[in-house]
Amino acid sequence: MLTAKIEYGFDQLAARSGGVLDGPSHVAMGRRAAAAIGYSLGSPDEGRMIEAYLNVWTAVHLPHVPPGARGLTKKEFVESNLALSDDPVAREATLGRLAETFFELADADQDGMVNGAEFWAFQHGHFPDLGRADLAEAFAHLDEDEDGFLSREQFISGIVEYWTSRDPAAPGNWWLGRPVYERGKMASWIAPPMKGINDKPVDYQYVHLA
Ligand SMILES: [Ca+2]
Ligand SMILES: [Ca+2]
């Protein structure tokens with residue numbers, strides 16, 4: 001389950017960079033996120049955004065890139081995330097700190113909360129292939145107290161849980177929308193009814209084929 005989440009997340013992250021996470025893909029993420037927030041091309045705000053993403057690349061990922069390689073492959077990315085999952089101290093020091101940085105970036109109006117539009121803009125920067133419906137579903141699950149905002153804690157634990165939690169009930173499993181391991185299952189709103197029509201049991205044969 002955790003590996004499935006990480007692999008799916010990586011596929012979305014690296015969808016526009018040939019399956020490798022590298023420096024240029026981080027510049028592109030910063031640019032997309034800035035555009036989605038509404039920062040204009042070449043503005044100082046856009047520049048700060050891109051710089052923040054480049055910092056993520058140099059501080060978080062670059063140390064794990066094998067010598068001579070241009071970036072991280074899916075296999076390397078999965079391995080480093082799984083290692084974090086089993087090491088709470090390292091998880092706090094790296095992913096926890098990264099999530100703090102991301103919160104600052106996502107909270108564009110700096111009111112200390114991330115609203116739906118801010119969430120969409122931030123996520124779109126990372127995962128351009130995810131649709132608005134996916135991200136709206138993600139937001140609804142992450143906002144457990146349903147006040148319409150992600151608090152700093154909700155936002156940060158969402159990131160950390162998505163990439164490292166093995167708990168099937170963790171809200172953060174929904175960071176990218178319906179968890180990939182749940183897709184293909186029947187959606188809850190079309191789950192089989194407890195009772196059939198006219199209180200007949202569900203397996204009651206309404207139609208007999210000759
Ligand atoms: Ca905000
Ligand atoms: Ca909330």
# chains A, B, ... in the order shown; residues from 1 in each chain; ligands from 1
>>> residues_near_ligand(ligand="ligand 2", cutoff="10 Å", atoms="only C-alpha atoms and all ligand atoms", output="PyMOL selection string")
chain A and resi 113-115+139-155
>>> residues_around(residues="range 12-26 of chain A", least_positions_apart="6", cutoff="8 Å", atoms="only C-alpha atoms", output="list of chain:residue names")
A:Ile50, A:Tyr53, A:Leu54, A:Trp57, A:Thr58, A:Arg70, A:Gly71, A:Leu72, A:Thr73, A:Lys74, A:His126, A:Phe127, A:Pro128, A:Asp129, A:Leu130
>>> closest_atom_pairs(of="chain A", to="ligand 1", cutoff="7 Å", atoms="only C-alpha atoms and all ligand atoms", output="CSV")
residue,atom,partner,partner_atom_place_in_ligand_line,distance
A:Asp107,CA,ligand 1,1 (Ca),4.2
A:Ala108,CA,ligand 1,1 (Ca),5.7
A:Asp109,CA,ligand 1,1 (Ca),4.8
A:Gln110,CA,ligand 1,1 (Ca),5.2
A:Asp111,CA,ligand 1,1 (Ca),4.7
A:Gly112,CA,ligand 1,1 (Ca),5.7
A:Met113,CA,ligand 1,1 (Ca),4.4
A:Val114,CA,ligand 1,1 (Ca),4.3
A:Asn115,CA,ligand 1,1 (Ca),5.6
A:Glu118,CA,ligand 1,1 (Ca),6.5
>>> write_last_selection(atoms="C-alpha atoms", output="CSV table (one decimal), in the first residue's frame")
chain,number,residue,atom,x,y,z
A,107,ASP,CA,-0.3,29.7,1.9
A,108,ALA,CA,0.0,32.4,-0.8
A,109,ASP,CA,-2.0,35.0,1.1
A,110,GLN,CA,-0.2,34.1,4.3
A,111,ASP,CA,-3.2,33.9,6.6
A,112,GLY,CA,-1.9,30.8,8.2
A,113,MET,CA,-4.3,28.4,6.5
A,114,VAL,CA,-4.5,26.8,3.1
A,115,ASN,CA,-7.9,27.2,1.3
A,118,GLU,CA,-4.4,27.7,-2.6
>>> closest_atom_pairs(of="range 95-187 of chain A", to="range 77-80 of chain A", cutoff="12 Å", atoms="only C-alpha atoms", output="Markdown table")
| residue | atom | partner | partner_atom | distance |
| --- | --- | --- | --- | --- |
| A:Leu95 | CA | A:Ser80 | CA | 11.0 |
| A:Trp163 | CA | A:Val78 | CA | 9.3 |
| A:Thr164 | CA | A:Ser80 | CA | 10.2 |
>>> write_last_selection(atoms="N, CA and C atoms", output="PDB file, in the first residue's frame")
ATOM      1  N   LEU A  95      11.440  15.194   5.666  1.00  0.00           N
ATOM      2  CA  LEU A  95      10.104  15.384   5.117  1.00  0.00           C
ATOM      3  C   LEU A  95       9.290  16.377   5.947  1.00  0.00           C
ATOM      4  N   TRP A 163       3.457  10.184   2.034  1.00  0.00           N
ATOM      5  CA  TRP A 163       4.724   9.599   1.577  1.00  0.00           C
ATOM      6  C   TRP A 163       5.294   8.540   2.509  1.00  0.00           C
ATOM      7  N   THR A 164       4.797   8.465   3.760  1.00  0.00           N
ATOM      8  CA  THR A 164       5.446   7.523   4.680  1.00  0.00           C
ATOM      9  C   THR A 164       4.503   6.663   5.525  1.00  0.00           C
TER      10      THR A 164
END
>>> residues_around(residues="Glu51 in chain A", least_positions_apart="3", cutoff="10 Å", atoms="only C-alpha atoms", output="PyMOL selection string")
chain A and resi 26-27+30-31+45-48+54-57
>>> residues_around(residues="range 171-179 of chain A", least_positions_apart="4", cutoff="8 Å", atoms="only C-alpha atoms", output="PDB file with N, CA and C atoms, in the first residue's frame")
ATOM      1  N   LYS A   5       1.464   3.968  -3.114  1.00  0.00           N
ATOM      2  CA  LYS A   5       1.289   5.427  -3.000  1.00  0.00           C
ATOM      3  C   LYS A   5       2.522   6.157  -3.509  1.00  0.00           C
ATOM      4  N   GLY A   9       2.722   8.572  -6.685  1.00  0.00           N
ATOM      5  CA  GLY A   9       3.142   9.952  -6.464  1.00  0.00           C
ATOM      6  C   GLY A   9       4.328  10.326  -7.347  1.00  0.00           C
ATOM      7  N   LEU A 130      -3.141  15.942 -12.443  1.00  0.00           N
ATOM      8  CA  LEU A 130      -4.310  15.685 -11.588  1.00  0.00           C
ATOM      9  C   LEU A 130      -5.394  16.713 -11.885  1.00  0.00           C
ATOM     10  N   ASP A 134     -10.130  15.444  -8.637  1.00  0.00           N
ATOM     11  CA  ASP A 134      -9.235  14.673  -7.768  1.00  0.00           C
ATOM     12  C   ASP A 134      -8.799  15.514  -6.579  1.00  0.00           C
ATOM     13  N   LEU A 135      -8.406  16.755  -6.871  1.00  0.00           N
ATOM     14  CA  LEU A 135      -7.851  17.589  -5.810  1.00  0.00           C
ATOM     15  C   LEU A 135      -8.939  18.076  -4.856  1.00  0.00           C
ATOM     16  N   ALA A 136     -10.142  18.251  -5.366  1.00  0.00           N
ATOM     17  CA  ALA A 136     -11.242  18.628  -4.477  1.00  0.00           C
ATOM     18  C   ALA A 136     -11.548  17.468  -3.526  1.00  0.00           C
ATOM     19  N   GLU A 137     -11.487  16.255  -4.042  1.00  0.00           N
ATOM     20  CA  GLU A 137     -11.725  15.078  -3.215  1.00  0.00           C
ATOM     21  C   GLU A 137     -10.614  14.951  -2.169  1.00  0.00           C
ATOM     22  N   ALA A 138      -9.386  15.218  -2.598  1.00  0.00           N
ATOM     23  CA  ALA A 138      -8.260  15.193  -1.669  1.00  0.00           C
ATOM     24  C   ALA A 138      -8.488  16.196  -0.536  1.00  0.00           C
ATOM     25  N   PHE A 139      -8.829  17.410  -0.923  1.00  0.00           N
ATOM     26  CA  PHE A 139      -9.006  18.485   0.065  1.00  0.00           C
ATOM     27  C   PHE A 139     -10.081  18.099   1.090  1.00  0.00           C
ATOM     28  N   HIS A 141     -10.987  15.223   2.144  1.00  0.00           N
ATOM     29  CA  HIS A 141     -10.539  14.220   3.111  1.00  0.00           C
ATOM     30  C   HIS A 141      -9.499  14.778   4.081  1.00  0.00           C
ATOM     31  N   LEU A 142      -8.660  15.678   3.583  1.00  0.00           N
ATOM     32  CA  LEU A 142      -7.595  16.226   4.436  1.00  0.00           C
ATOM     33  C   LEU A 142      -8.173  17.188   5.478  1.00  0.00           C
ATOM     34  N   GLU A 144     -10.238  17.441   7.870  1.00  0.00           N
ATOM     35  CA  GLU A 144     -11.049  16.555   8.714  1.00  0.00           C
ATOM     36  C   GLU A 144     -12.082  17.294   9.548  1.00  0.00           C
ATOM     37  N   SER A 157       0.713  17.130   8.097  1.00  0.00           N
ATOM     38  CA  SER A 157       0.552  15.694   8.342  1.00  0.00           C
ATOM     39  C   SER A 157       0.048  15.012   7.071  1.00  0.00           C
ATOM     40  N   GLY A 158      -0.700  15.740   6.235  1.00  0.00           N
ATOM     41  CA  GLY A 158      -1.134  15.168   4.960  1.00  0.00           C
ATOM     42  C   GLY A 158       0.052  14.758   4.106  1.00  0.00           C
ATOM     43  N   ILE A 159       1.034  15.642   3.989  1.00  0.00           N
ATOM     44  CA  ILE A 159       2.226  15.333   3.182  1.00  0.00           C
ATOM     45  C   ILE A 159       2.998  14.167   3.788  1.00  0.00           C
ATOM     46  N   VAL A 160       3.252  14.265   5.085  1.00  0.00           N
ATOM     47  CA  VAL A 160       4.066  13.233   5.732  1.00  0.00           C
ATOM     48  C   VAL A 160       3.371  11.872   5.652  1.00  0.00           C
ATOM     49  N   GLU A 161       2.052  11.868   5.871  1.00  0.00           N
ATOM     50  CA  GLU A 161       1.327  10.593   5.822  1.00  0.00           C
ATOM     51  C   GLU A 161       1.311  10.014   4.414  1.00  0.00           C
ATOM     52  N   TYR A 162       1.108  10.891   3.434  1.00  0.00           N
ATOM     53  CA  TYR A 162       1.041  10.349   2.071  1.00  0.00           C
ATOM     54  C   TYR A 162       2.321   9.575   1.738  1.00  0.00           C
ATOM     55  N   SER A 165       3.191   6.934   5.543  1.00  0.00           N
ATOM     56  CA  SER A 165       2.335   6.192   6.475  1.00  0.00           C
ATOM     57  C   SER A 165       1.832   4.878   5.887  1.00  0.00           C
ATOM     58  N   ARG A 183      -8.586   2.554  -6.194  1.00  0.00           N
ATOM     59  CA  ARG A 183      -9.266   2.794  -7.462  1.00  0.00           C
ATOM     60  C   ARG A 183      -9.692   1.474  -8.049  1.00  0.00           C
TER      61      ARG A 183
END
>>> select_by_dssp(residues="range 41-197 of chain A", states="alpha helix (DSSP H)", output="PyMOL selection string")
chain A and resi 44-56+74-85+88-91+97-106+116-126+132-142+152-164
>>> closest_residue(among="A:Ala28, A:Ala69, A:Val60, A:Leu2", to="Gly96 in chain A", atoms="only C-alpha atoms")
A:Val60
>>> select_by_dssp(residues="range 94-190 of chain A", states="strand (DSSP E)", output="NGL selection string")
:A and (113-115 or 149-151)
>>> write_last_selection(atoms="N, CA and C atoms", output="mmCIF file, in the first residue's frame")
data_model
loop_
_atom_site.group_PDB
_atom_site.id
_atom_site.type_symbol
_atom_site.label_atom_id
_atom_site.label_comp_id
_atom_site.auth_asym_id
_atom_site.auth_seq_id
_atom_site.Cartn_x
_atom_site.Cartn_y
_atom_site.Cartn_z
ATOM 1 N N MET A 113 -3.508 29.589 6.852
ATOM 2 C CA MET A 113 -4.335 28.436 6.481
ATOM 3 C C MET A 113 -4.264 28.281 4.967
ATOM 4 N N VAL A 114 -4.534 27.074 4.517
ATOM 5 C CA VAL A 114 -4.547 26.837 3.079
ATOM 6 C C VAL A 114 -5.984 26.571 2.650
ATOM 7 N N ASN A 115 -6.527 27.444 1.814
ATOM 8 C CA ASN A 115 -7.899 27.228 1.347
ATOM 9 C C ASN A 115 -7.895 26.377 0.068
ATOM 10 N N PHE A 149 -10.743 24.918 5.441
ATOM 11 C CA PHE A 149 -9.327 25.278 5.370
ATOM 12 C C PHE A 149 -8.461 24.113 5.839
ATOM 13 N N LEU A 150 -7.275 24.025 5.296
ATOM 14 C CA LEU A 150 -6.295 23.109 5.876
ATOM 15 C C LEU A 150 -5.447 23.929 6.830
ATOM 16 N N SER A 151 -5.456 23.515 8.095
ATOM 17 C CA SER A 151 -4.567 24.153 9.049
ATOM 18 C C SER A 151 -3.138 23.719 8.726
#
>>> atom_distance(atom1="CA of Tyr181 in chain A", atom2="CA of Arg132 in chain A")
19.9 Å
>>> atom_distance(atom1="CA of Ala52 in chain A", atom2="CA of Gly125 in chain A")
12.6 Å
>>> closest_residue(among="A:Thr3, A:Gly184, A:Ala99, A:Trp120", to="Ala133 in chain A", atoms="only C-alpha atoms")
A:Trp120
>>> atom_distance(atom1="CA of Ala106 in chain A", atom2="CA of Lys75 in chain A")
27.9 Å
>>> decode(residues="range 8-50 of chain A", atoms="N, CA and C atoms", output="PDB file, in the first residue's frame")
ATOM      1  N   TYR A   8       2.903   5.863  -7.311  1.00  0.00           N
ATOM      2  CA  TYR A   8       1.915   6.699  -7.995  1.00  0.00           C
ATOM      3  C   TYR A   8       2.316   8.174  -7.877  1.00  0.00           C
ATOM      4  N   GLY A   9       2.722   8.572  -6.685  1.00  0.00           N
ATOM      5  CA  GLY A   9       3.142   9.952  -6.464  1.00  0.00           C
ATOM      6  C   GLY A   9       4.328  10.326  -7.347  1.00  0.00           C
ATOM      7  N   PHE A  10       5.278   9.423  -7.434  1.00  0.00           N
ATOM      8  CA  PHE A  10       6.438   9.705  -8.273  1.00  0.00           C
ATOM      9  C   PHE A  10       6.032   9.849  -9.734  1.00  0.00           C
ATOM     10  N   ASP A  11       5.168   8.931 -10.199  1.00  0.00           N
ATOM     11  CA  ASP A  11       4.713   9.002 -11.596  1.00  0.00           C
ATOM     12  C   ASP A  11       4.084  10.360 -11.888  1.00  0.00           C
ATOM     13  N   GLN A  12       3.305  10.864 -10.921  1.00  0.00           N
ATOM     14  CA  GLN A  12       2.669  12.172 -11.126  1.00  0.00           C
ATOM     15  C   GLN A  12       3.697  13.295 -11.084  1.00  0.00           C
ATOM     16  N   LEU A  13       4.648  13.185 -10.143  1.00  0.00           N
ATOM     17  CA  LEU A  13       5.680  14.224  -9.999  1.00  0.00           C
ATOM     18  C   LEU A  13       6.551  14.327 -11.239  1.00  0.00           C
ATOM     19  N   ALA A  14       6.901  13.166 -11.786  1.00  0.00           N
ATOM     20  CA  ALA A  14       7.879  13.129 -12.877  1.00  0.00           C
ATOM     21  C   ALA A  14       7.215  12.969 -14.237  1.00  0.00           C
ATOM     22  N   ALA A  15       5.885  13.206 -14.269  1.00  0.00           N
ATOM     23  CA  ALA A  15       5.134  12.960 -15.512  1.00  0.00           C
ATOM     24  C   ALA A  15       5.642  13.821 -16.666  1.00  0.00           C
ATOM     25  N   ARG A  16       6.147  15.008 -16.346  1.00  0.00           N
ATOM     26  CA  ARG A  16       6.570  15.913 -17.422  1.00  0.00           C
ATOM     27  C   ARG A  16       8.086  15.961 -17.561  1.00  0.00           C
ATOM     28  N   SER A  17       8.791  15.051 -16.893  1.00  0.00           N
ATOM     29  CA  SER A  17      10.257  15.136 -16.965  1.00  0.00           C
ATOM     30  C   SER A  17      10.871  13.778 -17.274  1.00  0.00           C
ATOM     31  N   GLY A  18      10.172  13.005 -18.087  1.00  0.00           N
ATOM     32  CA  GLY A  18      10.738  11.759 -18.583  1.00  0.00           C
ATOM     33  C   GLY A  18      10.996  10.723 -17.506  1.00  0.00           C
ATOM     34  N   GLY A  19      10.198  10.726 -16.439  1.00  0.00           N
ATOM     35  CA  GLY A  19      10.324   9.692 -15.426  1.00  0.00           C
ATOM     36  C   GLY A  19      11.518   9.861 -14.508  1.00  0.00           C
ATOM     37  N   VAL A  20      12.141  11.035 -14.523  1.00  0.00           N
ATOM     38  CA  VAL A  20      13.269  11.300 -13.625  1.00  0.00           C
ATOM     39  C   VAL A  20      13.007  12.631 -12.924  1.00  0.00           C
ATOM     40  N   LEU A  21      13.280  12.650 -11.637  1.00  0.00           N
ATOM     41  CA  LEU A  21      13.140  13.889 -10.877  1.00  0.00           C
ATOM     42  C   LEU A  21      14.487  14.590 -10.867  1.00  0.00           C
ATOM     43  N   ASP A  22      14.543  15.810 -11.427  1.00  0.00           N
ATOM     44  CA  ASP A  22      15.846  16.483 -11.518  1.00  0.00           C
ATOM     45  C   ASP A  22      15.693  17.996 -11.285  1.00  0.00           C
ATOM     46  N   GLY A  23      16.783  18.718 -11.459  1.00  0.00           N
ATOM     47  CA  GLY A  23      16.765  20.162 -11.232  1.00  0.00           C
ATOM     48  C   GLY A  23      15.745  20.870 -12.109  1.00  0.00           C
ATOM     49  N   PRO A  24      15.836  20.678 -13.437  1.00  0.00           N
ATOM     50  CA  PRO A  24      14.877  21.364 -14.322  1.00  0.00           C
ATOM     51  C   PRO A  24      13.413  21.040 -13.989  1.00  0.00           C
ATOM     52  N   SER A  25      13.141  19.813 -13.541  1.00  0.00           N
ATOM     53  CA  SER A  25      11.742  19.497 -13.224  1.00  0.00           C
ATOM     54  C   SER A  25      11.288  20.306 -12.011  1.00  0.00           C
ATOM     55  N   HIS A  26      12.220  20.654 -11.112  1.00  0.00           N
ATOM     56  CA  HIS A  26      11.853  21.491  -9.973  1.00  0.00           C
ATOM     57  C   HIS A  26      11.614  22.936 -10.384  1.00  0.00           C
ATOM     58  N   VAL A  27      12.403  23.415 -11.341  1.00  0.00           N
ATOM     59  CA  VAL A  27      12.154  24.764 -11.873  1.00  0.00           C
ATOM     60  C   VAL A  27      10.755  24.802 -12.481  1.00  0.00           C
ATOM     61  N   ALA A  28      10.422  23.751 -13.229  1.00  0.00           N
ATOM     62  CA  ALA A  28       9.099  23.697 -13.861  1.00  0.00           C
ATOM     63  C   ALA A  28       7.989  23.669 -12.817  1.00  0.00           C
ATOM     64  N   MET A  29       8.205  22.933 -11.721  1.00  0.00           N
ATOM     65  CA  MET A  29       7.190  22.881 -10.656  1.00  0.00           C
ATOM     66  C   MET A  29       6.965  24.268 -10.069  1.00  0.00           C
ATOM     67  N   GLY A  30       8.064  24.950  -9.773  1.00  0.00           N
ATOM     68  CA  GLY A  30       7.957  26.292  -9.201  1.00  0.00           C
ATOM     69  C   GLY A  30       7.222  27.224 -10.145  1.00  0.00           C
ATOM     70  N   ARG A  31       7.525  27.106 -11.428  1.00  0.00           N
ATOM     71  CA  ARG A  31       6.904  27.983 -12.431  1.00  0.00           C
ATOM     72  C   ARG A  31       5.397  27.703 -12.537  1.00  0.00           C
ATOM     73  N   ARG A  32       5.047  26.415 -12.550  1.00  0.00           N
ATOM     74  CA  ARG A  32       3.623  26.059 -12.646  1.00  0.00           C
ATOM     75  C   ARG A  32       2.858  26.514 -11.412  1.00  0.00           C
ATOM     76  N   ALA A  33       3.468  26.274 -10.234  1.00  0.00           N
ATOM     77  CA  ALA A  33       2.787  26.676  -8.997  1.00  0.00           C
ATOM     78  C   ALA A  33       2.600  28.190  -8.978  1.00  0.00           C
ATOM     79  N   ALA A  34       3.634  28.937  -9.379  1.00  0.00           N
ATOM     80  CA  ALA A  34       3.552  30.400  -9.392  1.00  0.00           C
ATOM     81  C   ALA A  34       2.458  30.864 -10.345  1.00  0.00           C
ATOM     82  N   ALA A  35       2.405  30.245 -11.529  1.00  0.00           N
ATOM     83  CA  ALA A  35       1.384  30.633 -12.507  1.00  0.00           C
ATOM     84  C   ALA A  35      -0.008  30.317 -11.977  1.00  0.00           C
ATOM     85  N   ALA A  36      -0.149  29.155 -11.304  1.00  0.00           N
ATOM     86  CA  ALA A  36      -1.470  28.762 -10.799  1.00  0.00           C
ATOM     87  C   ALA A  36      -1.942  29.713  -9.705  1.00  0.00           C
ATOM     88  N   ILE A  37      -0.997  30.280  -8.929  1.00  0.00           N
ATOM     89  CA  ILE A  37      -1.369  31.248  -7.895  1.00  0.00           C
ATOM     90  C   ILE A  37      -1.732  32.583  -8.533  1.00  0.00           C
ATOM     91  N   GLY A  38      -1.156  32.838  -9.710  1.00  0.00           N
ATOM     92  CA  GLY A  38      -1.447  34.089 -10.394  1.00  0.00           C
ATOM     93  C   GLY A  38      -0.256  35.045 -10.431  1.00  0.00           C
ATOM     94  N   TYR A  39       0.935  34.576 -10.021  1.00  0.00           N
ATOM     95  CA  TYR A  39       2.125  35.410 -10.133  1.00  0.00           C
ATOM     96  C   TYR A  39       2.469  35.544 -11.612  1.00  0.00           C
ATOM     97  N   SER A  40       2.858  36.746 -12.033  1.00  0.00           N
ATOM     98  CA  SER A  40       3.120  36.907 -13.462  1.00  0.00           C
ATOM     99  C   SER A  40       4.534  36.438 -13.815  1.00  0.00           C
ATOM    100  N   LEU A  41       4.653  36.103 -15.076  1.00  0.00           N
ATOM    101  CA  LEU A  41       5.897  35.561 -15.604  1.00  0.00           C
ATOM    102  C   LEU A  41       7.043  36.549 -15.375  1.00  0.00           C
ATOM    103  N   GLY A  42       8.131  36.099 -14.791  1.00  0.00           N
ATOM    104  CA  GLY A  42       9.287  36.962 -14.587  1.00  0.00           C
ATOM    105  C   GLY A  42       9.169  37.879 -13.383  1.00  0.00           C
ATOM    106  N   SER A  43       8.081  37.788 -12.614  1.00  0.00           N
ATOM    107  CA  SER A  43       7.915  38.662 -11.447  1.00  0.00           C
ATOM    108  C   SER A  43       8.801  38.177 -10.298  1.00  0.00           C
ATOM    109  N   PRO A  44       9.071  39.066  -9.329  1.00  0.00           N
ATOM    110  CA  PRO A  44       9.874  38.650  -8.166  1.00  0.00           C
ATOM    111  C   PRO A  44       9.199  37.505  -7.396  1.00  0.00           C
ATOM    112  N   ASP A  45       7.852  37.521  -7.318  1.00  0.00           N
ATOM    113  CA  ASP A  45       7.149  36.430  -6.632  1.00  0.00           C
ATOM    114  C   ASP A  45       7.406  35.095  -7.327  1.00  0.00           C
ATOM    115  N   GLU A  46       7.350  35.122  -8.666  1.00  0.00           N
ATOM    116  CA  GLU A  46       7.619  33.889  -9.397  1.00  0.00           C
ATOM    117  C   GLU A  46       9.059  33.439  -9.138  1.00  0.00           C
ATOM    118  N   GLY A  47       9.986  34.400  -9.140  1.00  0.00           N
ATOM    119  CA  GLY A  47      11.393  34.085  -8.908  1.00  0.00           C
ATOM    120  C   GLY A  47      11.607  33.431  -7.553  1.00  0.00           C
ATOM    121  N   ARG A  48      10.913  33.951  -6.522  1.00  0.00           N
ATOM    122  CA  ARG A  48      11.049  33.382  -5.178  1.00  0.00           C
ATOM    123  C   ARG A  48      10.526  31.947  -5.137  1.00  0.00           C
ATOM    124  N   MET A  49       9.432  31.738  -5.848  1.00  0.00           N
ATOM    125  CA  MET A  49       8.822  30.409  -5.890  1.00  0.00           C
ATOM    126  C   MET A  49       9.788  29.413  -6.528  1.00  0.00           C
ATOM    127  N   ILE A  50      10.350  29.798  -7.667  1.00  0.00           N
ATOM    128  CA  ILE A  50      11.267  28.893  -8.373  1.00  0.00           C
ATOM    129  C   ILE A  50      12.492  28.612  -7.516  1.00  0.00           C
TER     130      ILE A  50
END
